[in-house]
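**Student:** Input query-v4.cif, format and content: mmCIF, C-alpha atoms.
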```
data_entry
#
loop_
_atom_site.label_atom_id
_atom_site.label_comp_id
_atom_site.auth_asym_id
_atom_site.auth_seq_id
_atom_site.Cartn_x
_atom_site.Cartn_y
_atom_site.Cartn_z
CA MET A 1 -13.74 -28.90 48.41
CA SER A 2 -16.72 -26.59 48.19
CA LEU A 3 -18.76 -25.80 51.26
CA LEU A 4 -21.84 -27.25 49.57
CA GLY A 5 -20.00 -30.46 48.79
CA ARG A 6 -18.90 -30.68 52.37
CA LEU A 7 -22.45 -30.11 53.63
CA ILE A 8 -23.92 -32.95 51.59
CA GLY A 9 -21.14 -35.22 52.78
CA HIS A 10 -19.37 -35.54 49.44
CA ARG A 11 -15.66 -36.32 49.86
CA GLU A 12 -12.91 -36.05 47.29
CA PRO A 13 -9.69 -37.88 48.13
CA PRO A 14 -7.29 -35.40 49.73
CA SER A 15 -4.85 -33.99 47.17
CA ARG A 16 -2.02 -35.39 49.26
CA GLN A 17 -3.24 -38.90 48.44
CA VAL A 18 -3.59 -38.04 44.75
CA ALA A 19 -0.02 -36.67 44.75
CA ARG A 20 1.28 -39.79 46.44
CA ASP A 21 -0.43 -42.15 44.00
CA ARG A 22 0.67 -40.21 40.91
CA LEU A 23 4.20 -40.00 42.22
CA GLN A 24 4.42 -43.72 42.87
CA LEU A 25 3.23 -44.51 39.36
CA VAL A 26 5.54 -42.06 37.62
CA LEU A 27 8.52 -43.25 39.65
CA VAL A 28 7.93 -46.87 38.68
CA HIS A 29 8.23 -45.93 35.02
CA ASP A 30 11.19 -43.59 35.67
CA ARG A 31 13.07 -46.24 37.60
CA ILE A 32 12.56 -49.18 35.26
CA ARG A 33 12.77 -46.99 32.14
CA LEU A 34 10.04 -48.95 30.40
CA PRO A 35 7.51 -46.82 28.54
CA ALA A 36 3.88 -47.93 28.46
CA ALA A 37 4.11 -49.21 24.85
CA GLU A 38 6.99 -51.51 25.67
CA MET A 39 5.15 -52.69 28.72
CA ALA A 40 2.33 -53.84 26.41
CA ALA A 41 4.86 -55.67 24.23
CA LEU A 42 6.27 -57.37 27.31
CA LYS A 43 2.80 -58.52 28.25
CA ASP A 44 2.17 -59.96 24.75
CA GLU A 45 5.43 -61.88 24.78
CA LEU A 46 4.76 -63.14 28.26
CA VAL A 47 1.35 -64.42 27.12
CA ALA A 48 2.88 -66.15 24.08
CA VAL A 49 5.47 -67.99 26.19
CA LEU A 50 3.10 -68.96 29.00
CA SER A 51 0.38 -70.21 26.63
CA ARG A 52 2.78 -72.84 25.31
CA TYR A 53 2.71 -74.46 28.74
CA PHE A 54 -0.60 -73.46 30.32
CA CYS A 55 -4.09 -72.55 29.36
CA ILE A 56 -4.25 -69.00 30.61
CA ASP A 57 -6.85 -66.29 30.93
CA THR A 58 -5.18 -63.56 28.89
CA ASP A 59 -7.64 -60.86 29.97
CA GLY A 60 -6.94 -61.50 33.61
CA ILE A 61 -3.18 -60.90 33.43
CA GLU A 62 -1.95 -58.20 35.73
CA ILE A 63 1.60 -56.90 35.68
CA THR A 64 2.64 -54.69 38.55
CA PHE A 65 5.82 -53.21 39.89
CA THR A 66 6.51 -52.87 43.54
CA GLN A 67 9.47 -51.51 45.36
CA SER A 68 10.87 -52.15 48.76
CA ARG A 69 13.58 -49.71 49.77
CA ARG A 70 15.10 -48.86 46.39
CA MET A 71 14.70 -52.36 44.90
CA ASN A 72 12.14 -52.76 42.15
CA ARG A 73 10.18 -55.96 41.65
CA LEU A 74 8.11 -57.10 38.69
CA ILE A 75 5.07 -59.16 39.61
CA ALA A 76 3.00 -60.87 36.94
CA GLU A 77 -0.26 -62.37 38.03
CA VAL A 78 -1.48 -64.91 35.48
CA PRO A 79 -4.81 -66.69 36.06
CA LEU A 80 -4.78 -70.32 34.82
CA VAL A 81 -7.97 -71.61 33.24
CA GLY A 82 -9.32 -74.93 34.60
CA SER A 83 -7.87 -77.09 37.33
CA ALA A 84 -4.30 -78.34 37.37
CA GLN A 85 -5.51 -81.91 36.69
CA ALA A 86 -7.56 -80.82 33.72
CA GLN A 87 -4.50 -79.14 32.27
CA GLU A 88 -2.32 -82.20 32.80
CA ARG A 89 -4.55 -84.29 30.61
CA MET B 1 46.20 -19.36 55.78
CA GLU B 2 46.31 -19.85 59.53
CA VAL B 3 44.36 -22.93 60.32
CA GLY B 4 43.77 -24.90 63.48
CA ALA B 5 45.52 -22.25 65.57
CA GLU B 6 42.58 -21.47 67.80
CA SER B 7 40.24 -24.32 68.57
CA GLY B 8 36.78 -24.43 70.07
CA PHE B 9 36.79 -28.20 70.30
CA ARG B 10 36.74 -30.19 73.48
CA THR B 11 38.85 -33.07 72.21
CA GLU B 12 40.80 -33.98 69.11
CA GLU B 13 38.16 -36.60 68.23
CA ASP B 14 35.61 -33.82 67.84
CA ARG B 15 37.35 -32.70 64.68
CA PRO B 16 35.97 -34.47 61.63
CA PHE B 17 38.56 -32.85 59.40
CA GLY B 18 38.04 -32.52 55.70
CA GLN B 19 34.55 -33.81 55.01
CA VAL B 20 33.15 -32.81 51.62
CA ILE B 21 29.35 -32.54 51.48
CA THR B 22 27.58 -31.76 48.21
CA VAL B 23 24.10 -30.24 48.32
CA THR B 24 22.04 -31.11 45.26
CA SER B 25 18.42 -31.57 44.15
CA GLY B 26 17.89 -32.20 40.46
CA LYS B 27 15.07 -29.69 40.23
CA GLY B 28 15.91 -26.01 40.54
CA GLY B 29 14.16 -23.66 42.93
CA VAL B 30 13.75 -26.04 45.85
CA GLY B 31 16.16 -24.11 48.07
CA LYS B 32 19.55 -25.74 47.45
CA THR B 33 21.47 -22.50 47.81
CA THR B 34 19.51 -21.44 50.92
CA VAL B 35 20.16 -24.85 52.47
CA THR B 36 23.88 -24.72 51.59
CA ALA B 37 24.26 -21.18 52.97
CA ASN B 38 22.45 -21.96 56.20
CA LEU B 39 24.11 -25.33 56.85
CA ALA B 40 27.54 -23.81 56.21
CA THR B 41 26.76 -20.89 58.54
CA ALA B 42 25.32 -23.23 61.18
CA LEU B 43 28.39 -25.52 61.06
CA ALA B 44 30.68 -22.51 61.37
CA THR B 45 28.62 -21.20 64.28
CA LEU B 46 29.13 -24.57 65.98
CA GLY B 47 32.85 -23.88 65.74
CA TYR B 48 33.75 -25.98 62.70
CA LYS B 49 35.95 -24.40 60.07
CA THR B 50 33.67 -24.48 57.07
CA VAL B 51 33.99 -23.41 53.46
CA ALA B 52 31.03 -23.13 51.09
CA ILE B 53 31.85 -23.57 47.41
CA ASP B 54 29.49 -22.25 44.76
CA ALA B 55 29.69 -24.81 41.93
CA ASP B 56 26.96 -23.12 39.90
CA ILE B 57 29.36 -21.61 37.37
CA GLY B 58 27.71 -18.84 35.36
CA LEU B 59 24.70 -18.55 37.67
CA ARG B 60 26.30 -17.81 40.99
CA ASN B 61 24.03 -17.02 43.92
CA LEU B 62 25.58 -18.40 47.06
CA ASP B 63 27.47 -15.10 47.42
CA VAL B 64 24.28 -13.01 47.57
CA VAL B 65 22.47 -15.42 49.88
CA LEU B 66 25.45 -15.21 52.26
CA GLY B 67 25.67 -11.44 51.77
CA LEU B 68 29.30 -11.59 50.59
CA GLU B 69 28.80 -10.48 46.98
CA ASN B 70 30.64 -7.19 47.41
CA ARG B 71 33.86 -8.79 48.54
CA ILE B 72 34.54 -11.10 45.60
CA ILE B 73 37.83 -10.56 43.82
CA TYR B 74 38.79 -14.02 42.59
CA ASP B 75 36.64 -17.10 42.03
CA VAL B 76 37.00 -20.86 41.83
CA LEU B 77 38.01 -20.76 38.16
CA ASP B 78 40.79 -18.27 38.92
CA VAL B 79 42.11 -20.83 41.40
CA ILE B 80 41.80 -23.75 38.97
CA GLU B 81 43.38 -21.85 36.10
CA GLY B 82 46.21 -20.56 38.27
CA ARG B 83 45.42 -16.82 38.25
CA CYS B 84 45.45 -16.71 42.04
CA ARG B 85 46.24 -18.80 45.10
CA LEU B 86 43.41 -20.65 46.82
CA ARG B 87 43.66 -18.46 49.93
CA GLN B 88 43.29 -15.30 47.84
CA ALA B 89 39.94 -16.48 46.49
CA LEU B 90 38.51 -17.46 49.88
CA ILE B 91 36.24 -14.81 51.39
CA ARG B 92 36.10 -14.88 55.14
CA ASP B 93 32.70 -14.03 56.66
CA LYS B 94 33.15 -11.26 59.21
CA ARG B 95 30.01 -12.24 61.15
CA VAL B 96 31.04 -15.90 61.47
CA PRO B 97 34.84 -16.09 61.45
CA GLU B 98 34.94 -19.85 60.89
CA LEU B 99 33.04 -19.47 57.60
CA CYS B 100 34.58 -18.92 54.16
CA LEU B 101 33.10 -18.71 50.68
CA LEU B 102 34.75 -19.85 47.47
CA PRO B 103 32.63 -18.09 44.84
CA ALA B 104 31.67 -19.32 41.39
CA SER B 105 32.70 -17.51 38.26
CA GLN B 106 29.84 -15.49 36.83
CA THR B 107 31.18 -14.92 33.33
CA ARG B 108 31.91 -18.51 32.31
CA ASP B 109 29.77 -21.58 31.78
CA LYS B 110 29.36 -24.89 33.54
CA ASP B 111 31.73 -26.73 31.18
CA SER B 112 34.67 -24.64 32.36
CA ILE B 113 35.50 -27.08 35.17
CA ASP B 114 36.03 -30.81 34.94
CA PRO B 115 35.41 -33.23 37.82
CA GLN B 116 39.12 -33.86 38.46
CA GLN B 117 39.83 -30.14 38.88
CA MET B 118 37.06 -29.90 41.49
CA VAL B 119 38.47 -32.93 43.30
CA ARG B 120 41.91 -31.26 43.41
CA VAL B 121 40.54 -27.99 44.82
CA CYS B 122 38.63 -29.91 47.49
CA GLN B 123 41.72 -31.93 48.33
CA GLU B 124 43.49 -28.72 49.27
CA LEU B 125 40.46 -27.40 51.19
CA ARG B 126 40.06 -30.65 53.14
CA GLU B 127 43.38 -29.99 54.84
CA GLN B 128 42.25 -26.58 56.05
CA PHE B 129 38.57 -27.01 56.88
CA HIS B 130 36.41 -29.39 58.87
CA PHE B 131 33.60 -29.13 56.34
CA VAL B 132 33.58 -28.32 52.64
CA LEU B 133 30.01 -27.70 51.43
CA ILE B 134 29.39 -27.61 47.69
CA ASP B 135 26.30 -25.93 46.25
CA SER B 136 25.54 -27.96 43.11
CA PRO B 137 23.88 -26.45 40.05
CA ALA B 138 20.37 -27.70 39.18
CA GLY B 139 20.10 -30.46 36.62
CA ILE B 140 21.94 -33.74 36.17
CA GLU B 141 24.45 -32.68 33.53
CA ARG B 142 28.13 -31.96 33.74
CA GLY B 143 27.91 -29.26 36.41
CA PHE B 144 26.14 -31.72 38.68
CA ARG B 145 28.81 -34.35 38.09
CA VAL B 146 31.56 -31.82 38.80
CA ALA B 147 29.91 -30.86 42.10
CA LEU B 148 29.56 -34.52 43.10
CA ALA B 149 33.01 -35.76 42.17
CA PRO B 150 34.71 -34.86 45.48
CA ALA B 151 31.69 -35.62 47.74
CA ASP B 152 32.03 -37.89 50.76
CA ARG B 153 28.41 -37.29 51.53
CA VAL B 154 25.46 -35.93 49.58
CA VAL B 155 22.51 -33.89 50.83
CA VAL B 156 19.53 -34.13 48.48
CA VAL B 157 17.09 -31.24 48.91
CA THR B 158 13.46 -31.57 47.86
CA THR B 159 10.14 -29.90 48.59
CA PRO B 160 6.92 -31.84 49.20
CA GLU B 161 5.81 -31.49 45.58
CA VAL B 162 5.39 -34.18 42.95
CA SER B 163 7.83 -32.59 40.49
CA ALA B 164 10.59 -32.00 43.05
CA VAL B 165 10.27 -35.48 44.55
CA ARG B 166 10.39 -37.05 41.11
CA ASP B 167 13.62 -35.22 40.29
CA ALA B 168 15.06 -36.10 43.69
CA ASP B 169 14.36 -39.75 42.92
CA ARG B 170 16.24 -39.48 39.65
CA VAL B 171 19.20 -37.86 41.40
CA ILE B 172 19.23 -40.51 44.13
CA GLY B 173 19.22 -43.21 41.44
CA LEU B 174 22.20 -41.56 39.73
CA LEU B 175 24.03 -41.24 43.04
CA GLU B 176 23.54 -44.90 43.79
CA ALA B 177 24.67 -45.89 40.33
CA SER B 178 27.87 -43.87 40.77
CA GLY B 179 28.61 -45.39 44.18
CA LYS B 180 27.81 -42.27 46.24
CA GLY B 181 25.85 -44.16 48.85
CA ASN B 182 25.99 -41.71 51.74
CA VAL B 183 22.82 -39.78 50.91
CA GLY B 184 20.69 -37.76 53.34
CA LEU B 185 17.38 -36.16 52.43
CA VAL B 186 16.31 -32.66 53.45
CA ILE B 187 12.65 -31.81 52.88
CA ASN B 188 12.33 -28.05 52.56
CA ARG B 189 9.35 -25.69 52.68
CA ILE B 190 6.96 -27.92 54.56
CA LYS B 191 3.64 -26.16 55.14
CA LEU B 192 2.38 -27.84 58.24
CA GLY B 193 -1.18 -26.58 57.96
CA MET B 194 -1.49 -27.96 54.44
CA VAL B 195 -0.03 -31.31 55.49
CA ARG B 196 -2.59 -31.49 58.27
CA ARG B 197 -5.45 -30.71 55.92
CA GLY B 198 -4.26 -33.45 53.58
CA ASP B 199 -3.29 -30.96 50.88
CA MET B 200 0.45 -31.52 50.86
CA LEU B 201 2.64 -34.62 50.77
CA SER B 202 3.74 -35.30 54.33
CA PRO B 203 7.40 -35.89 55.22
CA GLU B 204 6.48 -39.57 55.75
CA ASP B 205 5.04 -39.77 52.21
CA VAL B 206 8.23 -38.33 50.72
CA VAL B 207 10.54 -40.59 52.72
CA ASP B 208 8.40 -43.64 51.87
CA VAL B 209 8.52 -42.94 48.17
CA LEU B 210 12.22 -42.04 48.00
CA ALA B 211 13.40 -44.68 50.48
CA VAL B 212 16.46 -42.80 51.68
CA ALA B 213 17.64 -41.67 55.09
CA LEU B 214 15.99 -38.47 56.30
CA LEU B 215 18.47 -35.84 57.43
CA GLY B 216 15.99 -33.14 58.36
CA LEU B 217 12.81 -31.15 57.80
CA ILE B 218 12.63 -27.41 57.20
CA PRO B 219 9.30 -25.68 57.75
CA GLU B 220 8.18 -22.98 55.33
CA ASP B 221 9.28 -19.73 56.93
CA GLU B 222 8.79 -16.19 55.63
CA ALA B 223 11.89 -15.18 57.54
CA ILE B 224 13.94 -16.94 54.85
CA VAL B 225 12.76 -14.45 52.22
CA VAL B 226 13.67 -11.56 54.52
CA SER B 227 17.05 -13.10 55.31
CA THR B 228 17.82 -13.54 51.61
CA ASN B 229 16.77 -9.93 50.98
CA ARG B 230 19.29 -8.81 53.57
CA GLY B 231 22.01 -11.33 52.79
CA GLU B 232 21.96 -12.64 56.34
CA PRO B 233 21.42 -16.41 56.61
CA VAL B 234 18.38 -17.12 58.78
CA VAL B 235 20.41 -19.28 61.20
CA LEU B 236 22.05 -16.09 62.46
CA ASP B 237 18.65 -15.32 64.04
CA GLY B 238 18.42 -18.46 66.14
CA ARG B 239 14.78 -18.07 67.16
CA ARG B 240 13.06 -18.79 63.84
CA PRO B 241 11.58 -22.29 63.30
CA SER B 242 13.68 -22.66 60.16
CA SER B 243 16.89 -21.63 61.95
CA ILE B 244 16.31 -24.27 64.60
CA ALA B 245 15.74 -26.86 61.87
CA PHE B 246 18.94 -25.86 60.03
CA GLY B 247 20.89 -25.93 63.28
CA ASN B 248 19.66 -29.46 63.98
CA ILE B 249 20.71 -30.67 60.53
CA ALA B 250 24.15 -29.10 60.99
CA ARG B 251 24.59 -30.94 64.28
CA ARG B 252 23.55 -34.20 62.63
CA LEU B 253 26.14 -33.61 59.89
CA ALA B 254 28.70 -33.06 62.64
CA GLY B 255 27.86 -36.49 64.02
CA GLN B 256 25.61 -35.52 66.91
CA GLU B 257 22.45 -37.46 67.68
CA VAL B 258 19.62 -34.95 67.32
CA PRO B 259 16.07 -36.30 67.29
CA LEU B 260 14.00 -35.23 64.29
CA THR B 261 11.97 -32.13 65.11
CA ASP B 262 8.32 -32.84 65.64
CA LEU B 263 7.04 -29.98 63.51
CA SER B 264 3.57 -30.30 65.02
CA GLY B 265 5.01 -29.14 68.33
CA ALA B 266 5.20 -25.66 66.84
CA GLU B 267 1.41 -25.51 66.57
CA GLY B 268 -0.19 -22.75 68.56
CA LEU B 269 -3.33 -22.94 70.68
CA LEU B 270 -5.48 -21.15 68.09
CA ALA B 271 -4.37 -23.51 65.34
CA ARG B 272 -5.23 -26.46 67.54
CA ILE B 273 -8.72 -25.09 68.29
CA LEU B 274 -9.32 -24.44 64.58
CA ARG B 275 -8.19 -27.93 63.70
CA PHE B 276 -10.45 -29.38 66.37
CA MET B 277 -13.41 -27.47 64.94
CA ARG B 278 -12.60 -28.57 61.42
CA GLN B 279 -12.62 -32.21 62.46
CA GLN B 280 -16.16 -31.99 63.78
CA PRO B 281 -18.70 -33.48 61.36
#
```
Turn this file's structure into structure tokens for me.
**Tutor:**
Amino acid sequence: MSLLGRLIGHREPPSRQVARDRLQLVLVHDRIRLPAAEMAALKDELVAVLSRYFCIDTDGIEITFTQSRRMNRLIAEVPLVGSAQAQER
Amino acid sequence: MEVGAESGFRTEEDRPFGQVITVTSGKGGVGKTTVTANLATALATLGYKTVAIDADIGLRNLDVVLGLENRIIYDVLDVIEGRCRLRQALIRDKRVPELCLLPASQTRDKDSIDPQQMVRVCQELREQFHFVLIDSPAGIERGFRVALAPADRVVVVTTPEVSAVRDADRVIGLLEASGKGNVGLVINRIKLGMVRRGDMLSPEDVVDVLAVALLGLIPEDEAIVVSTNRGEPVVLDGRRPSSIAFGNIARRLAGQEVPLTDLSGAEGLLARILRFMRQQP
């Protein structure tokens, strides 16, 4: 960080944090061996299946991978539109 | 060869005979050969009969790091292909009598050995040595698989850099897939000042991301360059920070409980004052 930047209180994230974040992202893809394009296809198929049963907010879907120890976990967060009762009817 | 004649061990149980440890990394240039040379020397200094095998066929370097390059007559391929007996190819280190080197062949390529041949050589060495350390070639191809085939235990070396950690992760994944579960991580070339400033992945970051057992931390140390120049492993000069770190890892490999070195303890007064000043708004 430049001295001037430091003087006016501007703070970049430390490069350690940047390294950590980039590493975590790249390792997710390395470990599951699913390139970004196929990930998009997975999302589309997931939407198609889920919409047969629920009214879903397709823009709000978030697919993430987490790992605890060396186990990977796929988490899909799918917002449902309207209340459960409204959907039952 | 005469083995087990003289013994520096207190009891018979102290002898963990015939353990094969492969040192690997995926990425080249992270210090695999330096780590192998120093761990082998440290184990031998502790009194364990130790042999270091250079499995980097065609690109041998363990001999120069150990300073034994002028004494090579036969190599591991001569043993495998029956041109000499195993004991003729072993080079005994005159500085550390418990240490031997089995050199790689420099004129052949990595496909010259298959995994079963390496297993057979190690089987013979297990009966004569407490520890067999194998310096694996970089990469994850055949040479890597040859080096791993006989391993009871694997030491994965990385540095605190994104590229090295990524490759270490790939190697750890391959090890798990092949049932080599006994993996210990060594993080090499840690620059403490940079970690403190937030400009280098910390050991905790690396362990978190890789999720494997930490075997030890080696601080960046200019003495390692000098020791490689001279062909004298840095552990032979026991006062350097890196020698202490290598010695601790060797004792952990030998089954001793050695607490992980708090690298920040090495910080001098001036460094502490500077850090204090830096933290002021």
**Student:** Applied to the shown file, which residues does the PyMOL selection byres ((chain B) within 10 of (chain A)) return, written as a PyMOL selection string?
**Tutor:** chain B and resi 160-163+165-167+169-170+172-173+176+194-202+205-206+208-212+281
**Student:** Could you check how far CA of Ile244 (chain B) sits from CA of Val258 (chain B), in Å to one decimal?
**Tutor:** 11.5 Å
**Student:** Can you tell me, as number ranges by chain, what residues are no more than 12 Å from Gln88 (chain B) when counting all atoms listed in the file, ignoring any on the same chain fewer than 6 positions away?
**Tutor:** B: 1, 71-76, 78-79, 82, 100-103
**Student:** Pick the closest to Leu46 (chain B) from B:Val226, B:Glu124, B:Ile113, B:Val96: which is it, counting only C-alpha atoms?
**Tutor:**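 Ranking B:Val226, B:Glu124, B:Ile113, B:Val96 by distance to Leu46 (chain B), first place goes to B:Val96.
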**Student:** Around the point (12.4, -56.5, 37.3) in the file's coordinates, collect all residues with an atom within 12 Å, using only C-alpha atoms, and return them as a list in words.
**Tutor:**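 These residues have at least one counted atom within 12 Å: Val28, His29, Arg31, Ile32, Arg33, Leu34, Met39, Leu42, Ile63, Thr64, Phe65, Thr66, Gln67, Met71, Asn72, Arg73, Leu74, Ile75 and Ala76 of chain A.
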**Student:** Quote the spacing between CA of Asp63 (chain B) and CA of Ser136 (chain B) in Å to one decimal place.
**Tutor:**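 Those two atoms sit 13.7 Å apart.
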**Student:** Output the residue selection produced by the PyMOL selection byres ((chain A and resi 55-59) around 9) on the file above, formatted as an MDAnalysis selection string.
**Tutor:** chainID A and resid 47 50:54 60:62 78:82 87
**Student:** Run through the PyMOL selection byres ((chain B and resi 218-223) around 10) on the given coordinates and return the selected residues as number ranges by chain.
**Tutor:** B: 35, 159, 186-192, 216-217, 224-229, 233-234, 237, 240-246, 248-249, 261, 263, 266
**Student:** Pick out the residues sitting within 7 Å of Gln106 (chain B), and hand them over as an MDAnalysis selection string; count all atoms listed in the file, and ignore anything fewer than 4 positions along from it in its own chain.
**Tutor:** chainID B and resid 57:60
